[in-house]
2 protein chains.
Amino acid sequence: MATISDVAQKADVSVATVSRVLNGSSRVSPETALRVRRAIAELDYRPNLLGRNLRRTKSERILVLLPNIANPFYAEIVKGIEDVANRNGYSIMLCNTDSDPEREKKHIRMLKGYLADGAILMASEMTCEELTELSREVPIVQCCEYRAGLTISHVSIDNEMAAYQAVNHLVGLGHRRIAFIGARNHFLSSALRKDGYIRALKEAGIAFDPVYCGYGDYSYKSGFRIMKQLLGLNPRPTAVFCVSDLMAIGAIRSAMEENLRIPRDLAVCGFDNIYFSSMFKPTLTTVSQPMYDLGCTAMEVLINIIEGQTKGAAHYFLDHELIIRESTAK
Amino acid sequence: MATISDVAQKADVSVATVSRVLNGSSRVSPETALRVRRAIAELDYRPNLLGRNLRRTKSERILVLLPNIANPFYAEIVKGIEDVANRNGYSIMLCNTDSDPEREKKHIRMLKGYLADGAILMASEMTCEELTELSREVPIVQCCEYRAGLTISHVSIDNEMAAYQAVNHLVGLGHRRIAFIGARNHFLSSALRKDGYIRALKEAGIAFDPVYCGYGDYSYKSGFRIMKQLLGLNPRPTAVFCVSDLMAIGAIRSAMEENLRIPRDLAVCGFDNIYFSSMFKPTLTTVSQPMYDLGCTAMEVLINIIEGQTKGAAHYFLDHELIIRESTAK
DNA sequence: TTGTATGCGTTATCAG
DNA sequence: CTGATAACGCATACAA
């Protein structure tokens with residue numbers, strides 16, 4: 001492939017001049033510029049980004065790490081990230097970790113290897129120490145999922161409050177035996193959502209009963225399986241709050257298989273408001289996360305860090321909204 | 001950040017020696033190797049990939065271009081690509097084009113700029129000329145969607161046959177007024193699936209009627225909207241074949257809104273077999289694409305091209321399967 | 001086994 | 001306005 005010196009030779013100028021017309025860094029006479037441009041076109045020359053980035057120590061690329069590309073929740077966030085990135089001259093590289101620490105490390109190596117100027121982490125498997133260390137080497141922002149107490153910027157909703165409101169809604173419908181399907185992981189959001197669940201129960205004078213709690217992995221299957229177990233209890237719950245829409249949909253299908261009617265026999269509330277949740281029948285009551293805005297904000301924060309506007313960590317909490325649909329209708 | 005010469009200095013060796021222990025390219029005495037490794041650890045040195053890749057003219061990275069990260073169909077393919085890539089020492093960078101030619105071009109620039117060794121294209125917006133030219137500069141493979149007649153390798157199912165079988169299944173259930181919801185785009189698969197639809201009708205002695213055909217963009221919304229129109233026809237269709245599961249689900253919801261029962265009043269068949277199609281009620285009859293295998297095969301083919309095993313284009317057709325579920329039950 | 005020196009393709013500094 | 005040249009960080013051919 002053609003290099004900058006091929007172009008220089010063909011246009012009968014120095015490589016410096018070619019570089020100048022390429023980057024518009026300083027004035028070049030119109031005639032030489034034209035000659036250079038013509039040579040570029042003829043040779044179909046494209047600058048080698050490895051050379052350029054090496055020299056500039058800047059890639060104008062952002063790494064976005066997400067745990068599961070199959071979860072539509074992340075897709076919407078990514079759109080926000082991309083839009084802001086593109087507006088600011090950055091490209092984004094999506095990397096799927098599959099929640100596998102090894103895969104994540106491999107991608108982090110790209111980041112440390114200067115292939116990207118910074119990263120947005122959706123749900124990292126790294127330890128707090130690893131995260132802290134990484135943040136000292138390279139700009140990072142946590143999006144949605146985050147560790148508390150770290151000096152690393154993050155963007156999320158108020159998970160405790162969101163869960164509290166969702167469960168409160170169920171309480172308001174008259175439910176007393178409200179089950180909880182959470183997530184078996186180390187993420188803060190999981191703990192916070194459970195906290196919100198417990199607080200709503202407590203305020204309503206309902207005793208928290210761990211028997212009514214199950215823990216999955218956000219997937220449809222886990223929601224299905226856990227609901228089956230919860231429905232085996234006596235007395236069985238009359239409502240369930242799930243920390244993901246996919247688990248909520250699994251719970252609904254599980255209950256349907258037992259010939260329960262939704263919401264009459266079981267009220268179901270999800271979390272996220274993925275677009276499937278309004279396609280599904282019955283449509284799903286859920287906590288809507290502002291996914292697109294979460295992505296936009298995370299990217300804006302990251303750009304500020306990269307471009308040195310920000311020092312120290314900033315924490316952003318965006319507004320959520322409880323969307324009431326058929327699965328908890330009166 | 002520490003560079004290779006920092007390490008060399010600290011370990012009291014030359015950069016060449018550091019490079020050697022890094023890459024195991026030739027023998028280094030155990031004692032010096034130890035010293036070097038210790039220095040690397042102490043400095044937390046990570047090789048700069050820009051420098052390395054520039055020197056090696058090899059990135060061990062693959063670009064994967066997909067039109068829409070929100071479509072779960074692609075998620076499964078990506079998993080196949082990733083698994084094979086990882087097994088062979090490659091990382092993958094996912095880039096979302098949003099079916100926007102400009103965004104796609106931007107990502108292609110990374111490819112041409114030596115940031116990746118090759119690419120898998122899921123549904124490119126490039127012209128045949130652009131594709132052909134690109135394929136001369138850099139290894140690429142088309143996955144699922146492809147252009148015919150190009151000397152560019154591709155992996156897909158037999159779309160015409162798959163559609164034929166799906167429509168044949170509807171014919172076998174006694175349907176005569178079978179609608180078609182296709183895609184309004186320039187993709188070959190769209191044309192082929194329509195061809196299969198027409199062939200099945202023809203063999204059954206049913207006249208093809210363009211009035212029974214609508215064209216969307218694979219999305220739930222477009223399926224919903226088009227089905228509404230088709231149901232306004234008199235006589236209305238008794239079955240519909242959709243070229244994506246999301247459109248099929250949209251069609252079902254549309255019919256439900258008109259108080260039609262599925263499959264009694266309207267039989268619905270989708271395409272792809274995304275995991276959501278079995279969660280939805282009624283469960284969806286659909287053409288299952290071997291998504292994971294499509295991804296694996298595409299990546300294997302690409303590696304062969306990159307590593308020079310293959311010359312010329314190869315075309316792979318993987319097996320599909322018609323999955324019969326509730327939406328077309330007797 | 002190890003070190004020296006060169007070049008990968010680019011940008012930026014400094015002269016002219 | 002333009003050119004020569006020194007880096008950027010690394011890997012490798014060649015010497016020692």
# chains A, B, ... in the order shown; residues from 1 in each chain; ligands from 1
call {"tool": "select_by_dssp", "arguments": {"residues": "region 61-161 of chain B", "states": "helix (DSSP H, G or I)", "output": "MDAnalysis selection string"}}
result
chainID B and resid 72:87 101:112 128:137 159:161
call {"tool": "write_last_selection", "arguments": {"atoms": "N, CA and C atoms", "output": "compact mmCIF listing (two decimals), in the first residue's frame"}}
result
# COMPACT_ATOMS: atom_id res chain seq x y z
N PRO B 72 -30.86 -8.70 18.09
CA PRO B 72 -30.26 -9.85 18.77
C PRO B 72 -29.76 -10.91 17.80
N PHE B 73 -30.25 -10.85 16.58
CA PHE B 73 -29.78 -11.78 15.56
C PHE B 73 -28.26 -11.72 15.43
N TYR B 74 -27.73 -10.52 15.44
CA TYR B 74 -26.29 -10.36 15.25
C TYR B 74 -25.49 -10.76 16.48
N ALA B 75 -26.11 -10.65 17.64
CA ALA B 75 -25.39 -10.96 18.87
C ALA B 75 -24.87 -12.40 18.87
N GLU B 76 -25.71 -13.30 18.40
CA GLU B 76 -25.33 -14.71 18.42
C GLU B 76 -24.21 -14.97 17.42
N ILE B 77 -24.28 -14.31 16.28
CA ILE B 77 -23.24 -14.46 15.26
C ILE B 77 -21.91 -13.97 15.82
N VAL B 78 -21.97 -12.84 16.50
CA VAL B 78 -20.76 -12.25 17.06
C VAL B 78 -20.10 -13.22 18.04
N LYS B 79 -20.90 -13.93 18.80
CA LYS B 79 -20.31 -14.89 19.74
C LYS B 79 -19.50 -15.95 19.01
N GLY B 80 -20.01 -16.41 17.88
CA GLY B 80 -19.28 -17.39 17.09
C GLY B 80 -17.97 -16.80 16.56
N ILE B 81 -18.06 -15.59 16.06
CA ILE B 81 -16.87 -14.91 15.55
C ILE B 81 -15.83 -14.78 16.66
N GLU B 82 -16.29 -14.32 17.81
CA GLU B 82 -15.37 -14.09 18.92
C GLU B 82 -14.68 -15.37 19.37
N ASP B 83 -15.45 -16.44 19.47
CA ASP B 83 -14.86 -17.67 19.97
C ASP B 83 -13.74 -18.15 19.05
N VAL B 84 -14.01 -18.15 17.77
CA VAL B 84 -12.98 -18.60 16.83
C VAL B 84 -11.80 -17.62 16.82
N ALA B 85 -12.11 -16.34 16.89
CA ALA B 85 -11.05 -15.33 16.89
C ALA B 85 -10.14 -15.54 18.10
N ASN B 86 -10.74 -15.68 19.25
CA ASN B 86 -9.94 -15.84 20.46
C ASN B 86 -9.08 -17.10 20.41
N ARG B 87 -9.66 -18.15 19.90
CA ARG B 87 -8.90 -19.40 19.80
C ARG B 87 -7.67 -19.23 18.92
N PRO B 101 -24.01 4.84 5.63
CA PRO B 101 -22.79 4.70 4.81
C PRO B 101 -21.63 5.53 5.34
N GLU B 102 -21.92 6.69 5.91
CA GLU B 102 -20.84 7.53 6.42
C GLU B 102 -20.15 6.88 7.62
N ARG B 103 -20.96 6.37 8.53
CA ARG B 103 -20.38 5.69 9.69
C ARG B 103 -19.58 4.48 9.24
N GLU B 104 -20.13 3.80 8.28
CA GLU B 104 -19.42 2.63 7.79
C GLU B 104 -18.07 3.02 7.20
N LYS B 105 -18.05 4.05 6.43
CA LYS B 105 -16.79 4.51 5.82
C LYS B 105 -15.76 4.85 6.88
N LYS B 106 -16.22 5.46 7.93
CA LYS B 106 -15.32 5.85 9.01
C LYS B 106 -14.64 4.61 9.61
N HIS B 107 -15.42 3.58 9.77
CA HIS B 107 -14.85 2.35 10.32
C HIS B 107 -13.95 1.65 9.32
N ILE B 108 -14.33 1.73 8.07
CA ILE B 108 -13.51 1.11 7.04
C ILE B 108 -12.14 1.79 6.99
N ARG B 109 -12.12 3.06 7.33
CA ARG B 109 -10.85 3.78 7.36
C ARG B 109 -9.90 3.16 8.40
N MET B 110 -10.45 2.72 9.51
CA MET B 110 -9.62 2.05 10.51
C MET B 110 -8.99 0.80 9.91
N LEU B 111 -9.82 0.13 9.13
CA LEU B 111 -9.36 -1.11 8.51
C LEU B 111 -8.24 -0.81 7.52
N LYS B 112 -8.46 0.17 6.66
CA LYS B 112 -7.46 0.53 5.67
C LYS B 112 -6.23 1.13 6.34
N CYS B 128 -21.01 -2.37 -4.93
CA CYS B 128 -20.22 -3.51 -5.37
C CYS B 128 -18.81 -3.09 -5.73
N GLU B 129 -18.68 -1.93 -6.36
CA GLU B 129 -17.36 -1.45 -6.76
C GLU B 129 -16.50 -1.19 -5.52
N GLU B 130 -17.10 -0.51 -4.55
CA GLU B 130 -16.35 -0.21 -3.32
C GLU B 130 -15.92 -1.50 -2.63
N LEU B 131 -16.85 -2.45 -2.59
CA LEU B 131 -16.53 -3.71 -1.93
C LEU B 131 -15.39 -4.42 -2.64
N THR B 132 -15.48 -4.47 -3.94
CA THR B 132 -14.45 -5.16 -4.72
C THR B 132 -13.09 -4.51 -4.51
N GLU B 133 -13.10 -3.19 -4.54
CA GLU B 133 -11.85 -2.48 -4.36
C GLU B 133 -11.29 -2.75 -2.96
N LEU B 134 -12.17 -2.68 -1.97
CA LEU B 134 -11.74 -2.93 -0.60
C LEU B 134 -11.13 -4.31 -0.46
N SER B 135 -11.78 -5.27 -1.10
CA SER B 135 -11.32 -6.65 -0.95
C SER B 135 -9.95 -6.85 -1.58
N ARG B 136 -9.58 -5.97 -2.47
CA ARG B 136 -8.24 -6.08 -3.06
C ARG B 136 -7.19 -5.55 -2.10
N GLU B 137 -7.61 -4.60 -1.26
CA GLU B 137 -6.65 -4.00 -0.35
C GLU B 137 -6.49 -4.78 0.94
N ASN B 159 -31.06 -18.65 1.24
CA ASN B 159 -32.24 -17.86 1.58
C ASN B 159 -33.46 -18.20 0.74
N GLU B 160 -33.23 -18.49 -0.51
CA GLU B 160 -34.37 -18.79 -1.38
C GLU B 160 -35.05 -20.08 -0.91
N MET B 161 -34.24 -21.09 -0.66
CA MET B 161 -34.76 -22.38 -0.23
C MET B 161 -35.46 -22.27 1.13
call {"tool": "closest_atom_pairs", "arguments": {"of": "chain B", "to": "chain A", "cutoff": "8 Å", "atoms": "only C-alpha atoms", "output": "Markdown table"}}
result
| residue | atom | partner | partner_atom | distance |
| --- | --- | --- | --- | --- |
| B:Met1 | CA | A:Glu137 | CA | 7.8 |
| B:Arg46 | CA | A:Gly113 | CA | 6.6 |
| B:Pro47 | CA | A:Gly113 | CA | 6.2 |
| B:Asn48 | CA | A:Gly113 | CA | 4.5 |
| B:Leu49 | CA | A:Gly113 | CA | 4.9 |
| B:Leu50 | CA | A:Leu50 | CA | 5.3 |
| B:Gly51 | CA | A:Leu54 | CA | 6.4 |
| B:Asn53 | CA | A:Leu50 | CA | 7.1 |
| B:Leu54 | CA | A:Leu50 | CA | 5.6 |
| B:Ile69 | CA | A:Ala75 | CA | 5.7 |
| B:Ala70 | CA | A:Ala75 | CA | 4.9 |
| B:Asn71 | CA | A:Pro72 | CA | 7.7 |
| B:Pro72 | CA | A:Ala70 | CA | 5.6 |
| B:Ala75 | CA | A:Ala70 | CA | 4.9 |
| B:Glu76 | CA | A:Ala70 | CA | 7.1 |
| B:Ser91 | CA | A:His107 | CA | 7.7 |
| B:Ile92 | CA | A:Cys95 | CA | 7.2 |
| B:Met93 | CA | A:Met93 | CA | 5.5 |
| B:Leu94 | CA | A:Leu94 | CA | 4.8 |
| B:Cys95 | CA | A:Met93 | CA | 6.0 |
| B:Lys106 | CA | A:Ser91 | CA | 7.9 |
| B:His107 | CA | A:Ser91 | CA | 7.7 |
| B:Arg109 | CA | A:Arg46 | CA | 7.9 |
| B:Met110 | CA | A:Leu49 | CA | 7.3 |
| B:Lys112 | CA | A:Arg46 | CA | 7.0 |
| B:Gly113 | CA | A:Asn48 | CA | 4.5 |
| B:Tyr114 | CA | A:Asn48 | CA | 6.2 |
| B:Leu115 | CA | A:Leu50 | CA | 6.6 |
| B:Glu137 | CA | A:Met1 | CA | 7.8 |
| B:Ile249 | CA | A:Met279 | CA | 7.9 |
| B:Gly250 | CA | A:Met279 | CA | 7.7 |
| B:Arg253 | CA | A:Met279 | CA | 7.6 |
| B:Met279 | CA | A:Arg253 | CA | 7.5 |
| B:Phe280 | CA | A:Phe280 | CA | 6.6 |
| B:Lys281 | CA | A:Lys281 | CA | 7.1 |
call {"tool": "atom_distance", "arguments": {"atom1": "CA of Ile181 (chain A)", "atom2": "CA of Pro290 (chain A)"}}
result
21.9 Å
call {"tool": "interface_residues", "arguments": {"of": "chain C", "to": "chain A", "cutoff": "10 Å", "atoms": "only C-alpha atoms (C1' of nucleotides)", "output": "PDB file with C-alpha atoms (C1' of nucleotides), in the first residue's frame"}}
result
ATOM      1  C1'  DC C   8       7.945   0.634  10.160  1.00  0.00           C
ATOM      2  C1'  DG C   9       4.750   5.588   8.626  1.00  0.00           C
ATOM      3  C1'  DT C  10       3.734   9.449  10.606  1.00  0.00           C
ATOM      4  C1'  DT C  11       4.005  14.294  12.639  1.00  0.00           C
ATOM      5  C1'  DA C  12       6.453  18.242  14.360  1.00  0.00           C
TER       6       DA C  12
END
call {"tool": "interface_residues", "arguments": {"of": "chain D", "to": "chain A", "cutoff": "8 Å", "atoms": "only C-alpha atoms (C1' of nucleotides)", "output": "ChimeraX atom specification"}}
result
/D:1-3,8-9
call {"tool": "atom_distance", "arguments": {"atom1": "CA of Asn273 (chain B)", "atom2": "CA of Ile226 (chain B)"}}
result
20.5 Å
call {"tool": "select_by_dssp", "arguments": {"residues": "region 124-167 of chain A", "states": "strand (DSSP E)", "output": "list in words"}}
result
Ile140, Val141, Gln142, Cys143, His154, Val155, Ser156 and Ile157 of chain A
call {"tool": "write_last_selection", "arguments": {"atoms": "N, CA and C atoms", "output": "CSV table (one decimal), in the first residue's frame"}}
result
chain,number,residue,atom,x,y,z
A,140,ILE,N,-11.1,6.6,32.3
A,140,ILE,CA,-12.2,5.6,32.2
A,140,ILE,C,-13.4,6.2,33.0
A,141,VAL,N,-14.6,5.8,32.5
A,141,VAL,CA,-15.8,6.1,33.1
A,141,VAL,C,-16.7,4.9,33.3
A,142,GLN,N,-17.3,4.8,34.4
A,142,GLN,CA,-18.2,3.6,34.6
A,142,GLN,C,-19.6,4.1,34.2
A,143,CYS,N,-20.3,3.2,33.5
A,143,CYS,CA,-21.7,3.5,33.1
A,143,CYS,C,-22.6,2.5,33.6
A,154,HIS,N,-18.6,8.2,37.4
A,154,HIS,CA,-19.6,7.2,36.9
A,154,HIS,C,-21.0,7.9,36.6
A,155,VAL,N,-21.8,7.2,35.8
A,155,VAL,CA,-23.1,7.7,35.4
A,155,VAL,C,-24.1,6.6,35.6
A,156,SER,N,-25.1,6.8,36.3
A,156,SER,CA,-26.1,5.8,36.5
A,156,SER,C,-27.4,6.4,37.0
A,157,ILE,N,-28.4,5.6,37.3
A,157,ILE,CA,-29.6,6.1,37.9
A,157,ILE,C,-29.5,5.8,39.4
call {"tool": "residues_around", "arguments": {"residues": "Asp100 (chain A)", "least_positions_apart": "5", "cutoff": "10 Å", "atoms": "only C-alpha atoms (C1' of nucleotides)", "output": "list in words"}}
result
Pro67, Lys105, Ser124, Glu125 and Met126 of chain A
call {"tool": "atom_distance", "arguments": {"atom1": "CA of Glu326 (chain B)", "atom2": "CA of Ile262 (chain B)"}}
result
8.1 Å
call {"tool": "residues_around", "arguments": {"residues": "DA13 (chain D)", "least_positions_apart": "2", "cutoff": "12 Å", "atoms": "only C-alpha atoms (C1' of nucleotides)", "output": "NGL selection string"}}
result
(:B and (16)) or (:C and (4-7)) or (:D and (11 or 15))
call {"tool": "decode", "arguments": {"residues": "chain C", "atoms": "C-alpha atoms (C1' of nucleotides)", "output": "compact mmCIF listing (two decimals), in the first residue's frame"}}
result
# COMPACT_ATOMS: atom_id res chain seq x y z
C1' DT C 1 23.60 -15.12 24.37
C1' DT C 2 23.56 -10.20 23.74
C1' DG C 3 24.01 -5.48 21.69
C1' DT C 4 23.86 -2.08 17.76
C1' DA C 5 21.51 -0.06 14.34
C1' DT C 6 17.79 0.43 11.14
C1' DG C 7 13.20 1.18 9.71
C1' DC C 8 7.94 0.63 10.16
C1' DG C 9 4.75 5.59 8.63
C1' DT C 10 3.73 9.45 10.61
C1' DT C 11 4.00 14.29 12.64
C1' DA C 12 6.45 18.24 14.36
C1' DT C 13 10.47 21.13 14.99
C1' DC C 14 13.60 23.89 13.05
C1' DA C 15 15.94 26.00 9.24
C1' DG C 16 15.84 28.14 5.10
